[in-house]
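*Asks:* Dropping in input29.tsv, which is TSV, C-alpha atoms:
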chain	number	residue	atom	x	y	z
A	6	MET	CA	0.00	0.00	0.00
A	7	ALA	CA	2.82	2.41	0.83
A	8	ALA	CA	4.27	1.92	-2.63
A	9	VAL	CA	0.88	2.73	-4.19
A	10	ILE	CA	0.54	5.94	-2.15
A	11	SER	CA	4.10	6.91	-3.08
A	12	ARG	CA	3.36	6.45	-6.78
A	13	ARG	CA	0.19	8.53	-6.53
A	14	ARG	CA	2.03	11.35	-4.79
A	15	ALA	CA	4.80	11.23	-7.35
A	16	SER	CA	2.26	11.67	-10.15
A	17	GLN	CA	0.78	14.80	-8.57
A	18	PRO	CA	2.37	18.19	-9.38
A	19	THR	CA	4.31	19.90	-6.65
A	20	ALA	CA	3.38	23.40	-5.49
A	21	TYR	CA	6.18	24.81	-7.68
A	22	GLU	CA	4.96	22.84	-10.70
A	23	GLU	CA	1.41	24.11	-10.13
A	24	ILE	CA	2.70	27.70	-10.12
A	25	ILE	CA	4.55	27.10	-13.38
A	26	MET	CA	1.47	25.48	-14.93
A	27	LEU	CA	-0.69	28.41	-13.84
A	28	LYS	CA	1.86	30.89	-15.13
A	29	HIS	CA	1.83	29.37	-18.59
A	30	SER	CA	-1.95	28.99	-18.66
A	31	VAL	CA	-2.27	32.58	-19.86
A	32	ILE	CA	-5.20	31.63	-22.07
A	33	ASP	CA	-7.97	29.08	-21.81
A	34	LYS	CA	-7.07	26.19	-24.11
A	35	ASP	CA	-10.77	25.41	-24.56
A	36	LYS	CA	-11.70	28.97	-25.56
A	37	SER	CA	-11.65	30.54	-29.02
A	38	TYR	CA	-9.48	33.65	-29.60
A	39	THR	CA	-8.90	36.01	-32.51
A	40	PHE	CA	-5.68	37.94	-33.02
A	41	SER	CA	-7.24	41.15	-31.70
A	42	ASP	CA	-8.28	39.35	-28.48
A	43	TYR	CA	-4.62	39.02	-27.48
A	44	PHE	CA	-4.25	42.79	-27.74
A	45	LYS	CA	-7.16	43.24	-25.31
A	46	LEU	CA	-6.07	40.48	-22.89
A	47	ASP	CA	-2.58	41.95	-22.42
A	48	PRO	CA	-0.98	38.67	-21.24
A	49	PRO	CA	2.74	38.56	-20.30
A	50	ILE	CA	4.29	38.15	-23.72
A	51	ARG	CA	6.93	35.61	-22.65
A	52	ASP	CA	4.29	33.37	-21.11
A	53	LEU	CA	1.97	33.74	-24.08
A	54	LEU	CA	4.65	32.80	-26.59
A	55	ALA	CA	5.81	29.92	-24.38
A	56	TYR	CA	2.24	28.59	-24.49
A	57	PHE	CA	2.58	28.30	-28.27
A	58	GLY	CA	6.10	26.84	-28.05
A	59	TYR	CA	8.09	29.98	-28.90
A	60	THR	CA	10.51	32.16	-26.97
A	61	TYR	CA	10.85	35.93	-26.86
A	62	GLU	CA	13.79	38.29	-26.91
A	63	MET	CA	14.29	42.02	-27.31
A	64	GLN	CA	17.48	43.36	-28.83
A	65	GLU	CA	18.92	45.41	-31.66
A	66	TYR	CA	18.33	43.41	-34.82
A	67	ALA	CA	20.38	43.88	-37.98
A	68	LEU	CA	17.45	44.23	-40.34
A	69	PRO	CA	18.07	43.76	-44.06
A	70	THR	CA	18.60	47.02	-45.93
A	71	GLY	CA	19.63	48.15	-49.37
A	72	ASP	CA	20.63	51.16	-51.43
A	73	MET	CA	17.75	51.32	-53.89
A	74	ASP	CA	17.03	54.57	-55.71
A	75	LEU	CA	14.23	56.16	-53.68
A	76	ARG	CA	13.37	58.95	-56.10
A	77	PRO	CA	10.19	57.09	-57.18
A	78	PHE	CA	9.00	57.40	-53.57
A	79	ALA	CA	9.02	61.21	-53.52
A	80	PRO	CA	5.20	61.33	-53.97
A	81	VAL	CA	4.58	59.12	-50.94
A	82	ARG	CA	6.79	61.36	-48.81
A	83	ASP	CA	4.77	64.39	-49.91
A	84	THR	CA	1.52	62.52	-49.32
A	85	ILE	CA	2.44	61.58	-45.76
A	86	LYS	CA	3.62	65.09	-44.90
A	87	GLY	CA	0.41	66.53	-46.31
A	88	ASN	CA	-1.72	64.03	-44.41
A	89	LEU	CA	0.03	64.88	-41.14
A	90	TYR	CA	-1.06	68.49	-41.62
A	91	GLN	CA	-4.51	67.97	-43.10
A	92	VAL	CA	-5.98	64.75	-41.69
A	93	ASN	CA	-7.44	64.34	-38.22
A	94	LEU	CA	-5.44	61.31	-37.04
A	95	SER	CA	-7.38	60.62	-33.86
A	96	SER	CA	-8.97	57.40	-35.19
A	97	GLU	CA	-7.37	54.07	-36.06
A	98	MET	CA	-8.87	54.13	-39.55
A	99	ALA	CA	-7.45	57.59	-40.21
A	100	ARG	CA	-3.94	56.51	-39.20
A	101	ARG	CA	-4.17	53.39	-41.35
A	102	GLU	CA	-5.43	55.20	-44.43
A	103	ALA	CA	-3.34	58.37	-44.15
A	104	LEU	CA	0.01	57.10	-42.84
A	105	ILE	CA	0.39	53.32	-43.04
A	106	ALA	CA	-1.33	52.44	-46.31
A	107	PRO	CA	0.61	54.98	-48.44
A	108	VAL	CA	3.93	53.39	-47.40
A	109	ILE	CA	2.76	49.83	-47.97
A	110	LEU	CA	1.14	50.53	-51.32
A	111	ALA	CA	4.13	52.51	-52.59
A	112	VAL	CA	6.50	49.65	-51.76
A	113	ALA	CA	4.14	47.10	-53.31
A	114	ARG	CA	3.82	49.12	-56.53
A	115	GLN	CA	7.58	49.42	-56.83
A	116	LEU	CA	8.07	45.65	-56.46
A	117	LYS	CA	4.83	44.65	-58.21
A	118	ALA	CA	3.92	42.75	-55.05
A	119	LEU	CA	0.47	41.61	-53.98
A	120	VAL	CA	-1.12	43.38	-51.01
A	121	GLU	CA	-3.81	41.66	-48.98
A	122	ILE	CA	-5.92	43.82	-46.65
A	123	GLU	CA	-7.76	42.10	-43.79
A	124	TYR	CA	-6.31	38.77	-44.93
A	125	VAL	CA	-8.03	35.93	-43.04
A	126	ILE	CA	-6.01	33.11	-41.43
A	127	ASN	CA	-7.58	30.24	-39.50
A	128	VAL	CA	-4.92	27.88	-38.12
A	129	ASN	CA	-7.01	26.77	-35.16
A	130	ASP	CA	-9.35	28.22	-32.53
A	131	GLN	CA	-6.51	30.10	-30.83
A	132	LEU	CA	-4.68	31.30	-33.94
A	133	LYS	CA	-7.21	32.93	-36.20
A	134	GLY	CA	-8.34	36.32	-37.41
A	135	SER	CA	-7.46	38.84	-40.08
A	136	LEU	CA	-4.10	40.46	-40.79
A	137	ASP	CA	-4.35	44.22	-41.28
A	138	TYR	CA	-1.88	44.17	-44.18
A	139	LEU	CA	0.01	41.32	-45.79
A	140	ILE	CA	2.49	41.98	-48.60
A	141	GLN	CA	3.40	38.83	-50.54
A	142	GLN	CA	6.70	38.71	-52.37
A	143	GLN	CA	9.85	36.54	-51.97
A	144	ASN	CA	9.43	37.12	-48.24
A	145	ASN	CA	5.94	37.73	-46.87
A	146	PHE	CA	5.59	40.77	-44.64
A	147	LEU	CA	2.73	41.68	-42.33
A	148	VAL	CA	1.81	44.97	-40.70
A	149	VAL	CA	-0.36	45.38	-37.62
A	150	GLU	CA	-1.92	48.75	-36.88
A	151	ALA	CA	-1.41	49.46	-33.18
A	152	LYS	CA	-4.84	50.08	-31.79
A	153	ASN	CA	-5.15	52.93	-29.30
A	154	SER	CA	-1.60	53.89	-30.36
A	155	ASP	CA	-0.39	51.12	-28.03
A	156	LEU	CA	2.82	49.70	-29.50
A	157	ARG	CA	3.44	47.33	-26.58
A	158	ASN	CA	0.14	45.44	-26.85
A	159	GLY	CA	0.33	45.87	-30.60
A	160	PHE	CA	3.58	43.94	-30.59
A	161	THR	CA	1.92	41.13	-28.62
A	162	GLN	CA	-0.70	40.88	-31.34
A	163	LEU	CA	2.03	40.99	-34.00
A	164	ALA	CA	3.89	38.13	-32.29
A	165	VAL	CA	0.80	35.91	-32.32
A	166	GLU	CA	0.18	36.72	-35.97
A	167	LEU	CA	3.79	35.81	-36.79
A	168	ILE	CA	3.20	32.43	-35.12
A	169	ALA	CA	0.06	31.93	-37.22
A	170	MET	CA	2.03	32.79	-40.37
A	171	ASP	CA	4.70	30.27	-39.36
A	172	LYS	CA	2.04	27.58	-39.42
A	173	TRP	CA	0.15	28.91	-42.46
A	174	PHE	CA	2.89	29.65	-45.01
A	175	ASP	CA	5.80	27.48	-46.15
A	176	ASN	CA	8.20	29.98	-47.71
A	177	GLY	CA	11.19	31.52	-45.97
A	178	ASP	CA	13.33	30.73	-42.93
A	179	ILE	CA	12.53	34.06	-41.29
A	180	ILE	CA	9.18	35.84	-41.08
A	181	TYR	CA	9.14	39.61	-40.73
A	182	GLY	CA	6.43	41.93	-39.54
A	183	ALA	CA	5.93	45.35	-38.05
A	184	VAL	CA	3.53	47.08	-35.71
A	185	SER	CA	2.80	50.68	-36.54
A	186	MET	CA	0.72	53.53	-35.21
A	187	GLY	CA	1.36	55.51	-38.38
A	188	GLU	CA	4.11	57.84	-37.30
A	189	THR	CA	6.12	55.06	-35.57
A	190	TRP	CA	7.08	51.57	-36.76
A	191	ARG	CA	8.64	48.69	-34.78
A	192	PHE	CA	9.76	45.39	-36.33
A	193	GLY	CA	9.25	41.83	-35.16
A	194	ILE	CA	11.15	38.83	-36.50
A	195	LEU	CA	10.36	35.12	-36.18
A	196	ASN	CA	13.17	32.64	-36.75
A	197	ARG	CA	11.43	29.48	-37.91
A	198	GLN	CA	14.35	27.20	-36.99
A	199	THR	CA	14.89	28.38	-33.41
A	200	LYS	CA	11.26	29.38	-32.74
A	201	VAL	CA	12.49	32.71	-31.35
A	202	ILE	CA	10.51	35.92	-31.85
A	203	THR	CA	12.67	39.03	-31.61
A	204	ARG	CA	11.38	42.49	-30.85
A	205	ASP	CA	13.73	44.99	-32.45
A	206	MET	CA	14.77	47.66	-29.95
A	207	ASN	CA	14.85	50.35	-32.63
A	208	MET	CA	11.83	52.31	-33.81
A	209	PHE	CA	11.42	54.19	-37.07
A	210	ASN	CA	9.60	57.49	-37.17
A	211	VAL	CA	7.75	58.76	-40.23
A	212	PRO	CA	8.53	60.96	-42.05
A	213	ALA	CA	11.95	61.49	-40.41
A	214	ASP	CA	13.14	57.88	-40.93
A	215	LEU	CA	11.05	57.18	-44.03
A	216	ASP	CA	14.03	56.54	-46.33
A	217	GLU	CA	15.55	54.01	-43.92
A	218	LEU	CA	12.17	52.36	-43.43
A	219	LEU	CA	11.63	52.06	-47.18
A	220	GLN	CA	15.07	50.50	-47.75
A	221	ILE	CA	14.34	47.90	-45.06
A	222	LEU	CA	10.90	47.02	-46.43
A	223	LEU	CA	12.24	46.72	-49.98
A	224	ALA	CA	15.14	44.51	-48.86
A	225	ILE	CA	12.91	42.21	-46.79
A	226	LEU	CA	10.36	41.72	-49.54
A	227	GLN	CA	13.08	40.96	-52.09
A	228	GLY	CA	14.22	38.04	-49.99
A	229	GLU	CA	17.23	39.41	-48.15
A	230	ASN	CA	17.81	38.08	-44.63
A	231	THR	CA	20.34	38.89	-41.94
A	232	ASN	CA	21.16	37.46	-38.55
A	233	HIS	CA	20.74	39.64	-35.50
A	234	SER	CA	23.87	41.18	-33.97
Can the structure in the file be given as structure tokens, please?
*Replies:*
Amino acid sequence: MAAVISRRRASQPTAYEEIIMLKHSVIDKDKSYTFSDYFKLDPPIRDLLAYFGYTYEMQEYALPTGDMDLRPFAPVRDTIKGNLYQVNLSSEMARREALIAPVILAVARQLKALVEIEYVINVNDQLKGSLDYLIQQQNNFLVVEAKNSDLRNGFTQLAVELIAMDKWFDNGDIIYGAVSMGETWRFGILNRQTKVITRDMNMFNVPADLDELLQILLAILQGENTNHS
């Protein structure tokens, strides 16, 4: 009988194991979630990504870049500057239409890339929803509009969408994305081999850093990859 009791106790989680299990139960595995739900829930990002089998890091990332002639992008620069003066940017839709979309569409036109808006992905009940913008080229690239101008929670949503893309698409060893509130962009990178999602420490401001941002977007979409420093 003692041996039976011992085996039963050994099969039960310790107090420490229960804490760890609770910590990683950041979402209800029996509940359905969309991408935007993770923005609202505001779970600890490390625990959320661990739930899906990924790890998180934040550091300076050596994003791909190039030296493409940016003269064709002069109109988009003028458009964004004009919109900053003339458009009331208090709503999410206004920021998307006036600041984010012009950049995405200009890059897509230059590369003759396909742009999907509100692109629907349904991996499972916990990885589903629509991507704000998806540009499809040699590397796919997604953009999440940061609701309420909240880049931190916006990055959490971006990270979950990167995971969904990892399971949805086959091409590429690295998946790139960005969260933007229009005037500010921050990149996220998923390494498909290591299952690490990196939050780049740098942010790019528009229009001040528009040229650098454009060179990065063009390089990513044309299939250039780099390893982080």
*Asks:* At a cut-off of 8 Å, can you tabulate as JSON lines every residue of segment 108-153 of chain A near segment 83-97 of chain A together with its closest atom pair and the distance in Å to one decimal, using all atoms listed in the file and ordering rows by chain then number?
*Replies:*
{"residue": "A:Glu150", "atom": "CA", "partner": "A:Glu97", "partner_atom": "CA", "distance": 7.7}
{"residue": "A:Lys152", "atom": "CA", "partner": "A:Glu97", "partner_atom": "CA", "distance": 6.4}
{"residue": "A:Asn153", "atom": "CA", "partner": "A:Glu97", "partner_atom": "CA", "distance": 7.2}
*Asks:* Generate the output file for the selected residues, C-alpha atoms, as a compact mmCIF listing (two decimals), in the coordinates of the input.
*Replies:*
# COMPACT_ATOMS: atom_id res chain seq x y z
CA GLU A 150 -1.92 48.75 -36.88
CA LYS A 152 -4.84 50.08 -31.79
CA ASN A 153 -5.15 52.93 -29.30
*Asks:* Please report the interatomic distance between atom CA of Arg191 of chain A and atom CA of Ser41 of chain A in Å with one decimal.
*Replies:*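 Rounded to one decimal, the two atoms are 17.8 Å apart.
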*Asks:* Report, in Å with one decimal, the straight-line distance from atom CA of Asp178 of chain A to atom CA of Pro49 of chain A.
*Replies:*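 Taking atom CA of Asp178 of chain A as the start and atom CA of Pro49 of chain A as the end point, the length is 26.2 Å.
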*Asks:* Which one of A:Tyr66, A:Lys34, A:Gly71, A:Asn145 sits closest to Asp175 of chain A if you count all atoms listed in the file?
*Replies:*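 Between A:Tyr66, A:Lys34, A:Gly71, A:Asn145, the residue approaching Asp175 of chain A most closely is A:Asn145.
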*Asks:* For Phe57 of chain A, find every residue with an atom within 9 Å (counting all atoms listed in the file), except residues of its own chain fewer than 4 positions away, and show them as a list in words.
*Replies:*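 Counting all atoms listed in the file, the residues come to Asp52, Leu53, Val165 and Ile168 of chain A.
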*Asks:* Given only C-alpha atoms as the basis, pick out the residue of A:Leu68, A:Met208, A:Ala164, A:Leu215 nearest to Arg51 of chain A.
*Replies:*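 Using only C-alpha atoms, the shortest distance to Arg51 of chain A belongs to A:Ala164.
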*Asks:* Compile the contact shell of Asp155 of chain A as a list in words: residues with an atom at most 10 Å away, counting all atoms listed in the file, same-chain residues fewer than 3 positions apart removed.
*Replies:*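 Near Asp155 of chain A, the qualifying residues are Phe44, Glu150, Ala151, Lys152, Asn158, Gly159, Phe160, Val184, Ser185 and Met186 of chain A.
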*Asks:* Excluding Leu147 of chain A and its own-chain neighbours fewer than 3 positions away, which residues fall within 8 Å of it when counting all atoms listed in the file? Please give them as a list of chain:residue names.
*Replies:* A:Leu136, A:Asp137, A:Tyr138, A:Leu139, A:Ile140, A:Tyr181, A:Gly182, A:Ala183
*Asks:* Tell me, as a list in words, which residues lie within 10 Å of Lys36 of chain A, counting only C-alpha atoms; anything in the same chain fewer than 3 positions away does not count.
*Replies:* Ile32, Asp33, Asp130 and Gln131 of chain A
*Asks:* Name all residues at most 8 Å from Val201 of chain A (count only C-alpha atoms; drop same-chain ones fewer than 5 positions away) and give them as a list in words.
*Replies:* Tyr59, Thr60, Tyr61, Glu62, Leu195 and Asn196 of chain A
*Asks:* Which is closest to Asn127 of chain A among A:Ala169, A:Ala55, A:Val112, A:Leu163, if we use only C-alpha atoms?
*Replies:*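 Closest to Asn127 of chain A, using only C-alpha atoms: A:Ala169.
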*Asks:* State, in Å with one decimal place, the distance from atom CA of Ile194 of chain A to atom CA of Arg76 of chain A.
*Replies:*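 Separation of atom CA of Ile194 of chain A and atom CA of Arg76 of chain A: 28.2 Å.
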*Asks:* Which of these residues is nearest to Asp216 of chain A, using only C-alpha atoms: A:Leu75, A:Ala103, A:Val125, A:Leu156?
*Replies:* A:Leu75
*Asks:* Nearest residue to Ile109 of chain A out of A:Phe209, A:Tyr38, A:Phe146, A:Tyr124, using all atoms listed in the file?
*Replies:*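 Of the candidates, the smallest distance to Ile109 of chain A is held by A:Phe146.
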